[in-house]
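K.L.:
Handing over upload-v5.txt, compact mmCIF, C-alpha atoms and all ligand atoms.
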```
# COMPACT_ATOMS: atom_id res chain seq x y z
CA MET A 1 0.00 0.00 0.00
CA ALA A 2 1.24 3.49 -0.84
CA THR A 3 2.25 5.66 2.10
CA HIS A 4 0.57 8.95 2.91
CA GLY A 5 3.58 10.84 1.48
CA GLU A 6 3.47 8.83 -1.76
CA ASN A 7 -0.24 9.58 -2.16
CA LEU A 8 0.41 13.28 -1.69
CA LYS A 9 3.22 13.14 -4.24
CA ARG A 10 0.88 11.48 -6.74
CA ILE A 11 -1.68 14.26 -6.16
CA ALA A 12 0.99 16.94 -6.70
CA ILE A 13 2.19 15.28 -9.92
CA ASN A 14 -1.37 14.93 -11.21
CA SER A 15 -2.06 18.60 -10.51
CA ILE A 16 1.04 19.65 -12.50
CA ASP A 17 0.01 17.36 -15.37
CA GLU A 18 -3.55 18.73 -15.35
CA ASN A 19 -2.22 22.28 -15.54
CA ALA A 20 0.56 21.50 -18.06
CA ILE A 21 -0.90 23.43 -20.99
CA PHE A 22 -1.53 26.50 -18.84
CA LEU A 23 1.94 26.31 -17.27
CA GLN A 24 3.68 25.96 -20.62
CA SER A 25 1.73 28.91 -21.99
CA VAL A 26 3.05 31.03 -19.11
CA GLY A 27 6.65 29.98 -19.90
CA GLU A 28 6.03 30.68 -23.58
CA GLN A 29 4.51 34.14 -23.01
CA LEU A 30 7.51 35.09 -20.87
CA TRP A 31 9.84 33.89 -23.64
CA GLN A 32 8.00 35.98 -26.22
CA ASN A 33 8.21 39.11 -24.05
CA PRO A 34 11.76 39.19 -22.69
CA GLU A 35 12.27 41.96 -20.13
CA LEU A 36 15.49 43.17 -18.53
CA SER A 37 16.34 43.28 -14.82
CA PHE A 38 13.91 45.44 -12.81
CA GLU A 39 11.81 46.02 -15.95
CA GLU A 40 9.87 42.76 -15.71
CA TYR A 41 6.44 44.44 -15.54
CA LYS A 42 4.64 42.08 -17.92
CA ALA A 43 6.17 39.04 -16.24
CA HIS A 44 5.19 40.34 -12.79
CA ASP A 45 1.58 40.88 -13.89
CA LEU A 46 1.35 37.56 -15.73
CA LEU A 47 2.66 35.52 -12.79
CA VAL A 48 0.68 37.45 -10.18
CA SER A 49 -2.59 36.96 -12.07
CA ALA A 50 -1.81 33.25 -12.59
CA LEU A 51 -1.29 32.83 -8.82
CA GLU A 52 -4.41 34.85 -7.94
CA LYS A 53 -6.42 32.67 -10.32
CA HIS A 54 -5.26 29.70 -8.25
CA GLN A 55 -6.34 31.24 -4.92
CA PHE A 56 -2.95 32.42 -3.71
CA HIS A 57 -2.82 35.55 -1.57
CA VAL A 58 -0.59 37.85 -3.58
CA GLU A 59 1.43 40.90 -2.54
CA ARG A 60 2.38 42.82 -5.69
CA SER A 61 5.60 44.91 -5.82
CA TYR A 62 6.68 43.14 -2.63
CA LEU A 63 8.68 45.18 -0.10
CA GLY A 64 8.67 48.18 -2.39
CA ILE A 65 10.48 46.42 -5.24
CA GLN A 66 8.24 47.10 -8.24
CA THR A 67 8.66 43.82 -10.10
CA ALA A 68 8.96 41.54 -7.06
CA PHE A 69 6.00 39.68 -5.62
CA ARG A 70 5.13 37.28 -2.84
CA ALA A 71 2.27 34.79 -3.08
CA THR A 72 1.23 32.62 -0.15
CA PHE A 73 -1.10 29.72 0.43
CA GLY A 74 -1.96 28.04 3.71
CA ASP A 75 -2.93 29.07 7.19
CA SER A 76 0.53 30.16 8.39
CA THR A 77 0.98 27.03 10.44
CA GLY A 78 3.61 24.36 9.94
CA PRO A 79 6.86 24.85 8.07
CA ASN A 80 7.03 27.62 5.46
CA VAL A 81 8.40 26.35 2.15
CA CYS A 82 9.50 28.94 -0.41
CA VAL A 83 9.51 28.22 -4.14
CA ILE A 84 11.44 30.84 -6.08
CA CYS A 85 10.67 32.28 -9.51
CA GLU A 86 13.07 34.27 -11.69
CA TYR A 87 11.87 35.94 -14.89
CA ASP A 88 14.36 38.49 -16.23
CA ALA A 89 16.05 38.18 -19.62
CA LEU A 90 19.29 39.40 -21.22
CA PRO A 91 19.86 42.35 -23.58
CA ASP A 92 19.58 41.46 -27.29
CA ILE A 93 19.43 37.68 -26.81
CA GLY A 94 16.21 37.36 -24.79
CA HIS A 95 15.67 34.40 -22.50
CA ALA A 96 19.18 33.05 -22.95
CA CYS A 97 19.33 31.90 -19.32
CA GLY A 98 15.88 30.27 -19.38
CA HIS A 99 14.37 32.32 -16.56
CA ASN A 100 11.02 32.00 -18.36
CA LEU A 101 11.30 28.29 -17.50
CA ILE A 102 12.34 29.01 -13.89
CA ALA A 103 9.09 30.97 -13.48
CA GLU A 104 7.15 28.14 -15.14
CA ALA A 105 8.79 25.59 -12.83
CA GLY A 106 8.12 27.71 -9.73
CA LEU A 107 4.48 28.14 -10.65
CA ALA A 108 4.13 24.43 -11.48
CA ALA A 109 5.74 23.31 -8.21
CA ALA A 110 3.48 25.73 -6.33
CA LEU A 111 0.32 24.30 -7.90
CA GLY A 112 1.51 20.76 -7.12
CA ILE A 113 2.36 21.54 -3.48
CA LYS A 114 -0.91 23.45 -3.04
CA ALA A 115 -2.92 20.47 -4.31
CA ALA A 116 -1.17 18.22 -1.77
CA LEU A 117 -1.68 20.68 1.11
CA LYS A 118 -5.42 20.78 0.38
CA VAL A 119 -5.85 17.02 0.92
CA PRO A 120 -7.73 16.30 4.18
CA GLY A 121 -5.24 15.08 6.76
CA ALA A 122 -2.25 16.51 4.88
CA PRO A 123 0.55 17.87 7.08
CA LYS A 124 0.40 21.53 7.99
CA GLY A 125 2.50 23.82 5.88
CA THR A 126 2.64 27.29 4.43
CA LEU A 127 3.60 27.72 0.81
CA THR A 128 5.34 30.89 -0.36
CA VAL A 129 6.09 31.70 -3.98
CA MET A 130 8.72 34.46 -4.14
CA GLY A 131 8.93 36.44 -7.36
CA THR A 132 12.54 37.59 -7.55
CA PRO A 133 13.47 40.13 -10.26
CA ALA A 134 16.88 41.11 -11.59
CA GLU A 135 18.84 37.88 -11.22
CA GLU A 136 20.94 38.84 -14.23
CA ALA A 137 22.00 41.96 -12.34
CA SER A 138 22.95 39.62 -9.43
CA VAL A 139 20.93 41.76 -7.08
CA GLY A 140 17.16 41.02 -6.85
CA LYS A 141 17.38 38.29 -4.22
CA ILE A 142 20.09 40.19 -2.35
CA LEU A 143 17.72 43.15 -1.91
CA LEU A 144 14.87 40.84 -0.91
CA THR A 145 17.09 39.02 1.57
CA GLU A 146 18.30 42.30 3.08
CA LYS A 147 14.69 43.52 3.39
CA GLY A 148 13.78 40.38 5.36
CA ALA A 149 11.74 38.58 2.68
CA PHE A 150 13.04 35.19 3.84
CA ASN A 151 12.80 35.80 7.60
CA ASN A 152 9.87 33.41 8.09
CA VAL A 153 10.93 30.87 5.47
CA ASP A 154 12.09 27.41 6.63
CA PHE A 155 13.63 26.28 3.35
CA ALA A 156 13.83 27.50 -0.27
CA LEU A 157 13.97 25.73 -3.62
CA ILE A 158 14.69 26.85 -7.16
CA VAL A 159 15.55 24.91 -10.32
CA HIS A 160 17.55 26.36 -13.20
CA PRO A 161 17.87 25.17 -16.83
CA TYR A 162 21.43 24.33 -17.88
CA PRO A 163 23.26 22.02 -20.32
CA ALA A 164 23.44 19.25 -17.65
CA ASN A 165 21.64 17.82 -14.63
CA LEU A 166 23.56 18.94 -11.53
CA SER A 167 22.14 18.57 -8.04
CA SER A 168 24.80 20.60 -6.21
CA PRO A 169 26.35 23.13 -8.59
CA ILE A 170 29.19 25.30 -7.37
CA CYS A 171 28.04 28.88 -7.97
CA TYR A 172 30.80 31.45 -7.61
CA ALA A 173 30.75 34.26 -5.08
CA LEU A 174 31.05 37.49 -7.07
CA LEU A 175 32.40 40.96 -6.39
CA GLU A 176 31.93 43.73 -8.97
CA LEU A 177 34.26 46.72 -8.74
CA GLN A 178 34.70 50.00 -10.56
CA VAL A 179 38.17 51.52 -10.36
CA THR A 180 38.86 55.15 -11.27
CA PHE A 181 42.37 56.58 -11.66
CA CYS A 182 42.82 60.37 -11.73
CA THR A 183 45.70 62.75 -12.14
CA ALA A 184 45.72 66.49 -11.63
CA ALA A 185 48.78 67.23 -13.79
CA THR A 186 48.81 65.87 -17.33
CA ASN A 187 51.76 67.74 -18.84
CA TRP A 188 54.80 65.61 -19.55
CA GLU A 189 56.25 66.27 -16.11
CA GLY A 190 52.99 65.13 -14.63
CA SER A 191 51.32 61.74 -14.93
CA ASN A 192 49.01 59.75 -17.17
CA ALA A 193 45.93 57.97 -15.80
CA LEU A 194 46.06 55.41 -18.61
CA ASP A 195 49.45 54.27 -17.28
CA ALA A 196 47.77 53.47 -13.98
CA ALA A 197 45.07 51.40 -15.73
CA VAL A 198 47.65 49.49 -17.79
CA ILE A 199 49.81 48.80 -14.73
CA ALA A 200 46.71 47.68 -12.79
CA TYR A 201 45.82 45.26 -15.59
CA ASN A 202 49.34 43.84 -15.55
CA ASN A 203 49.46 43.65 -11.75
CA VAL A 204 46.30 41.50 -11.73
CA SER A 205 47.73 39.35 -14.55
CA VAL A 206 50.76 38.63 -12.34
CA LEU A 207 48.56 38.05 -9.29
CA ARG A 208 46.74 35.27 -11.20
CA GLN A 209 49.79 33.03 -10.78
CA GLN A 210 49.34 33.15 -7.02
CA ILE A 211 45.59 32.71 -6.68
CA MET A 212 43.74 29.51 -5.88
CA PRO A 213 42.28 27.22 -8.56
CA GLY A 214 38.68 28.37 -8.97
CA ASP A 215 39.46 32.04 -8.34
CA ARG A 216 38.71 34.30 -11.29
CA VAL A 217 39.61 37.96 -11.82
CA HIS A 218 38.83 39.75 -15.05
CA GLY A 219 38.63 43.40 -16.02
CA VAL A 220 38.11 45.86 -18.85
CA ILE A 221 39.01 49.50 -19.41
CA THR A 222 35.69 51.31 -19.84
CA ASN A 223 37.30 54.74 -20.16
CA GLY A 224 40.87 54.80 -21.44
CA GLY A 225 40.97 58.50 -22.31
CA THR A 226 39.19 60.76 -24.75
CA SER A 227 41.74 61.57 -27.46
CA VAL A 228 45.17 60.38 -28.46
CA ALA A 229 46.23 64.06 -28.50
CA ILE A 230 45.36 64.57 -24.81
CA VAL A 231 47.15 62.88 -21.91
CA PRO A 232 44.35 61.00 -20.10
CA SER A 233 43.54 62.60 -16.75
CA VAL A 234 40.87 60.05 -15.83
CA THR A 235 40.57 56.35 -16.64
CA VAL A 236 37.95 53.90 -15.46
CA MET A 237 38.06 50.10 -15.25
CA GLU A 238 35.49 47.51 -14.28
CA TRP A 239 36.57 44.32 -12.58
CA ASN A 240 34.80 41.12 -11.56
CA ALA A 241 36.34 38.84 -8.98
CA ARG A 242 34.94 35.38 -8.34
CA ALA A 243 35.79 32.57 -5.98
CA THR A 244 34.18 29.26 -5.17
CA THR A 245 33.40 30.38 -1.63
CA THR A 246 32.47 33.73 -0.13
CA GLU A 247 35.20 33.28 2.46
CA ARG A 248 37.79 32.76 -0.25
CA LEU A 249 36.55 35.84 -2.16
CA ARG A 250 37.00 37.96 0.96
CA GLU A 251 40.63 36.76 1.13
CA LEU A 252 41.16 37.59 -2.54
CA GLU A 253 39.64 41.10 -2.42
CA PRO A 254 42.47 42.94 -0.58
CA LYS A 255 45.05 41.38 -2.94
CA ILE A 256 43.21 42.80 -5.94
CA ILE A 257 42.81 46.20 -4.28
CA SER A 258 46.59 46.22 -3.66
CA CYS A 259 47.13 45.78 -7.42
CA PHE A 260 45.10 48.94 -8.06
CA GLU A 261 46.76 50.93 -5.27
CA ALA A 262 50.26 49.93 -6.42
CA ALA A 263 49.38 50.95 -9.97
CA ALA A 264 48.15 54.35 -8.79
CA MET A 265 51.29 54.89 -6.76
CA ALA A 266 53.61 53.90 -9.62
CA ALA A 267 51.82 56.17 -12.09
CA GLY A 268 51.43 59.10 -9.70
CA CYS A 269 47.64 58.99 -9.73
CA SER A 270 44.86 58.81 -7.18
CA VAL A 271 42.62 55.76 -7.14
CA GLU A 272 39.02 55.24 -6.11
CA VAL A 273 37.57 51.74 -5.82
CA LYS A 274 33.79 51.49 -5.75
CA GLN A 275 31.78 48.31 -5.22
CA LEU A 276 29.14 48.27 -7.96
CA SER A 277 26.69 45.91 -6.28
CA PRO A 278 26.38 44.00 -3.01
CA LEU A 279 28.63 40.95 -2.74
CA CYS A 280 26.90 37.97 -4.33
CA LYS A 281 27.61 34.87 -2.24
CA ASP A 282 28.30 31.33 -3.39
CA VAL A 283 25.41 28.85 -3.20
CA LEU A 284 25.46 26.84 -0.01
CA THR A 285 23.67 23.69 -1.17
CA ASN A 286 21.81 21.90 1.61
CA THR A 287 22.94 18.32 0.97
CA LYS A 288 19.95 16.75 2.74
CA LEU A 289 17.51 18.71 0.56
CA ALA A 290 19.63 18.05 -2.54
CA SER A 291 19.68 14.29 -1.92
CA LEU A 292 15.89 14.23 -1.52
CA TYR A 293 15.55 16.21 -4.74
CA CYS A 294 17.84 13.71 -6.50
CA GLU A 295 15.88 10.70 -5.26
CA ASN A 296 12.63 12.22 -6.48
CA ALA A 297 14.07 13.33 -9.81
CA THR A 298 15.50 9.82 -10.32
CA GLN A 299 12.04 8.34 -9.72
CA LEU A 300 10.81 10.65 -12.48
CA GLY A 301 13.46 9.32 -14.86
CA MET A 302 16.06 12.10 -14.58
CA SER A 303 19.62 11.09 -13.84
CA TYR A 304 21.60 13.55 -11.79
CA ASP A 305 25.30 14.22 -11.47
CA THR A 306 25.84 14.76 -7.75
CA LYS A 307 29.49 15.78 -7.86
CA PRO A 308 30.03 19.52 -7.35
CA THR A 309 30.62 21.24 -10.71
CA VAL A 310 31.53 24.88 -11.20
CA THR A 311 28.84 26.82 -13.06
CA PHE A 312 28.10 30.54 -12.66
CA SER A 313 27.25 33.20 -10.08
CA THR A 314 23.70 33.76 -8.84
CA ASP A 315 22.02 35.97 -6.26
CA MET A 316 20.45 32.74 -4.96
CA GLY A 317 23.75 32.46 -3.05
CA ASN A 318 22.63 35.14 -0.60
CA VAL A 319 19.31 33.32 -0.04
CA SER A 320 21.23 30.10 0.63
CA TYR A 321 23.11 31.82 3.47
CA ALA A 322 19.78 33.07 4.92
CA VAL A 323 17.75 29.82 4.80
CA PRO A 324 18.46 26.17 3.83
CA SER A 325 18.33 26.05 0.02
CA ILE A 326 18.96 24.09 -3.15
CA HIS A 327 19.62 25.36 -6.67
CA PRO A 328 19.75 22.24 -8.89
CA MET A 329 20.38 22.60 -12.62
CA TYR A 330 18.32 20.51 -15.06
CA ILE A 331 19.22 19.81 -18.64
CA ILE A 332 17.52 21.37 -21.62
CA GLY A 333 18.70 21.10 -25.21
CA ASP A 334 21.22 18.43 -26.18
CA GLY A 335 23.87 19.52 -23.70
CA THR A 336 25.84 21.62 -26.18
CA GLN A 337 23.95 24.91 -25.75
CA ALA A 338 25.43 27.10 -23.02
CA ASN A 339 23.55 29.67 -20.92
CA HIS A 340 23.81 33.26 -22.14
CA THR A 341 24.05 32.38 -25.84
CA ARG A 342 21.55 32.71 -28.67
CA GLU A 343 21.69 28.93 -28.99
CA PHE A 344 20.37 28.59 -25.44
CA THR A 345 17.56 31.08 -26.20
CA MET A 346 16.50 28.74 -29.01
CA VAL A 347 16.07 25.82 -26.59
CA THR A 348 14.27 27.68 -23.77
CA ASN A 349 10.90 27.49 -25.52
CA THR A 350 10.79 24.02 -27.03
CA PRO A 351 8.25 21.31 -26.11
CA ALA A 352 11.14 19.23 -24.72
CA ALA A 353 12.33 22.10 -22.50
CA HIS A 354 8.83 22.69 -21.14
CA HIS A 355 8.54 18.96 -20.43
CA ALA A 356 11.89 18.94 -18.60
CA THR A 357 10.80 22.03 -16.65
CA LEU A 358 7.61 20.40 -15.43
CA THR A 359 9.54 17.26 -14.47
CA ALA A 360 11.97 19.34 -12.40
CA ALA A 361 8.96 21.13 -10.85
CA LYS A 362 7.46 17.76 -9.88
CA ALA A 363 10.73 16.84 -8.14
CA VAL A 364 10.57 20.15 -6.22
CA ALA A 365 6.98 19.42 -5.12
CA MET A 366 7.87 15.84 -4.13
CA THR A 367 10.89 17.05 -2.14
CA THR A 368 8.70 19.53 -0.29
CA ILE A 369 6.22 16.77 0.55
CA ASP A 370 9.07 14.63 1.89
CA VAL A 371 10.04 17.44 4.26
CA LEU A 372 6.49 18.27 5.36
CA THR A 373 5.56 14.65 6.04
CA THR A 374 8.66 13.85 8.11
CA PRO A 375 9.39 16.56 10.72
CA GLU A 376 12.75 14.97 11.58
CA THR A 377 13.91 15.66 8.01
CA LEU A 378 13.41 19.39 8.51
CA GLU A 379 15.39 19.13 11.77
CA GLN A 380 18.27 17.53 9.84
CA ILE A 381 18.08 20.19 7.11
CA LYS A 382 18.18 22.97 9.68
CA ALA A 383 20.99 21.38 11.69
CA GLU A 384 23.13 21.11 8.53
CA PHE A 385 22.34 24.73 7.66
CA GLN A 386 23.24 26.01 11.13
CA GLN A 387 26.53 24.21 11.00
CA LYS A 388 27.49 25.42 7.49
CA ALA A 389 26.06 28.95 7.30
CA ASN A 390 27.46 30.01 10.68
CA HIS A 391 30.82 28.41 10.04
ZN ZN B 1 22.01 34.15 -16.41
ZN ZN B 2 20.06 32.25 -14.87
```
Represent the supplied structure as structure tokens.
Ligand SMILES: [Zn+2]
Ligand SMILES: [Zn+2]

P.N.:
Amino acid sequence: MATHGENLKRIAINSIDENAIFLQSVGEQLWQNPELSFEEYKAHDLLVSALEKHQFHVERSYLGIQTAFRATFGDSTGPNVCVICEYDALPDIGHACGHNLIAEAGLAAALGIKAALKVPGAPKGTLTVMGTPAEEASVGKILLTEKGAFNNVDFALIVHPYPANLSSPICYALLELQVTFCTAATNWEGSNALDAAVIAYNNVSVLRQQIMPGDRVHGVITNGGTSVAIVPSVTVMEWNARATTTERLRELEPKIISCFEAAAMAAGCSVEVKQLSPLCKDVLTNTKLASLYCENATQLGMSYDTKPTVTFSTDMGNVSYAVPSIHPMYIIGDGTQANHTREFTMVTNTPAAHHATLTAAKAVAMTTIDVLTTPETLEQIKAEFQQKANH
């Protein structure tokens, strides 16, 4: 005989299947109307009205962020599970990261979990769907986290399309810096701000020999001067630094700053280093949640690579340091299309991609049911989180 949890999982899966055409149409409409970070007005309205139609209590423009939303279902008792939607696109190449599918998956998982929660005798639980804008700017979830959006959340789940199935991706911590070199005297006895930029570039190139595998530092000169006939008095560079852990990135940061300061000193310039956005943390995968997700996904016919593999940076990192989280990647396309390319855009609205998205959403719903039906599992998840996040 099937257990209570298995019955609830079956109900969640059936609900996702019953709503498949509607869910796919949401993913498709998002794909056809790509919107940039913080400009996701159509996506916000589409998702909010879809959730209202399914009896969620919706807060539009959540916490004063215009294109964020929060939708809740349940009576605020029992654990609070948070399913996360992203929905921003990239300039020129549209939904090249498949966030239209992330929104579709979040909505699908929410409908599945809601159906299970409505069953008489189902465990108590509150379901939150968090609409998180501006992932491509690495900032939407950081703002939401700082504003306390996840304060009452017990655990959070998101799935992301990718060229492979990965249950525990390594997502880099990221620091974005703007560096400005200035000189007051630009006659030939004075100094040249472009020299400082060139020396800074070379200093970082040398530093790369001494950094850890997995660390990444890359920069461009965004202002190298205005005319070849004028000694540059101001130059501006932008730099990204990444590391596989937030701790490691904090160790790397002063070494990079020293490269800029040394360059300024050598060239006789002043230097100003500005952080362009809040530090984006690495993703702290909760291994208990990830293993449940894997088991469920395997039952649905997906085969997951559980070894940590380096992928990209995401603002989900900051959520993962606030509450226990997972950020599994699921495959779309044939494995040769990479995120942030036109080729990936072409596979984020195919029948196969929508199918894979709904399968990943089912695994999210099933994982949630596992946690809600076995209170000791949530204890384990929280104990692991406490140990890792406060390390
Ligand atoms: Zn992306
Ligand atoms: Zn993405």

K.L.:
Which residue is closest to Met329 in chain A? Choose from A:Cys97, A:Ala229, A:Ile256, A:Ala173 and count only C-alpha atoms.

P.N.:
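For Met329 in chain A, the nearest of the given residues is A:Cys97.
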
K.L.:
Please compute the CA of His340 in chain A-CA of Ser313 in chain A distance, one decimal, in Å.

P.N.:
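Between these atoms lies a distance of 12.5 Å.
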
K.L.:
Measuring between only C-alpha atoms, which one of A:Gln337, A:Gln178, A:Thr368, A:Thr285 shows the shortest distance to Lys9 in chain A?

P.N.:
A:Thr368

K.L.:
For Tyr201 in chain A, please output as a PyMOL selection string all residues within 10 Å (counting only C-alpha atoms; exclusion window: fewer than 5 positions along the same chain).

P.N.:
chain A and resi 195-196+206-207+218-221+237+239+259-260+263

K.L.:
Please return, as a ChimeraX atom specification, all polymer residues that have at least one atom within 7 Å of the point (13.6, 17.1, -12.2); use only C-alpha atoms and the file's own coordinate frame.

P.N.:
/A:297,302,330,356,359-363

K.L.:
Of the candidates A:Ser168, A:Thr357, A:Asn100, A:Thr306, which shows the shortest atom-to-atom distance to ligand ZN 1 (chain B), using all atoms listed in the file?

P.N.:
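Of the candidates, the smallest distance to ligand ZN 1 (chain B) is held by A:Asn100.
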
K.L.:
Just want the residues within 8 Å of ligand ZN 2 (chain B), written as a VMD selection string, counting only C-alpha atoms and all ligand atoms.

P.N.:
chain A and resid 86 97 to 99 135 to 136 160 to 161 314 339

K.L.:
Limited to C-alpha atoms, could you put the picked residues into a file as a PDB file, keeping the file's coordinate frame?

P.N.:
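As written to disk, part13.pdb reads:
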```
ATOM      1  CA  GLU A  86      13.070  34.270 -11.690  1.00  0.00           C
ATOM      2  CA  CYS A  97      19.330  31.900 -19.320  1.00  0.00           C
ATOM      3  CA  GLY A  98      15.880  30.270 -19.380  1.00  0.00           C
ATOM      4  CA  HIS A  99      14.370  32.320 -16.560  1.00  0.00           C
ATOM      5  CA  GLU A 135      18.840  37.880 -11.220  1.00  0.00           C
ATOM      6  CA  GLU A 136      20.940  38.840 -14.230  1.00  0.00           C
ATOM      7  CA  HIS A 160      17.550  26.360 -13.200  1.00  0.00           C
ATOM      8  CA  PRO A 161      17.870  25.170 -16.830  1.00  0.00           C
ATOM      9  CA  THR A 314      23.700  33.760  -8.840  1.00  0.00           C
ATOM     10  CA  ASN A 339      23.550  29.670 -20.920  1.00  0.00           C
TER      11      ASN A 339
END
```

K.L.:
Tell me, in Å to one decimal, how far CA of Ala156 in chain A is from CA of Asn19 in chain A.

P.N.:
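Distance reported for this atom pair: 22.8 Å.
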
K.L.:
Quick check, in Å to one decimal: how far apart do CA of Glu52 in chain A and CA of Asn349 in chain A lie?

P.N.:
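We find that CA of Glu52 in chain A and CA of Asn349 in chain A lie 24.4 Å from each other.
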
K.L.:
Counting all atoms listed in the file, what is within 8 Å of Pro169 in chain A, bar same-chain residues fewer than 6 positions away, as a list in words?

P.N.:
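The residues satisfying every condition are Val283, Thr285, Pro308, Thr309, Val310, Thr311, His327, Pro328 and Met329 of chain A.
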
K.L.:
Nearest to ligand ZN 1 (chain B) among A:Leu90, A:Ala103, A:Leu51, A:Leu177, with distances taken over all atoms listed in the file: which residue is it?

P.N.:
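Closest to ligand ZN 1 (chain B), using all atoms listed in the file: A:Leu90.
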
K.L.:
Taking into account all atoms listed in the file, which residue in the set A:Leu157, A:Ala137, A:Ala184, A:Leu252 is nearest to ligand ZN 1 (chain B)?

P.N.:
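The answer is A:Ala137, which sits nearest to ligand ZN 1 (chain B).
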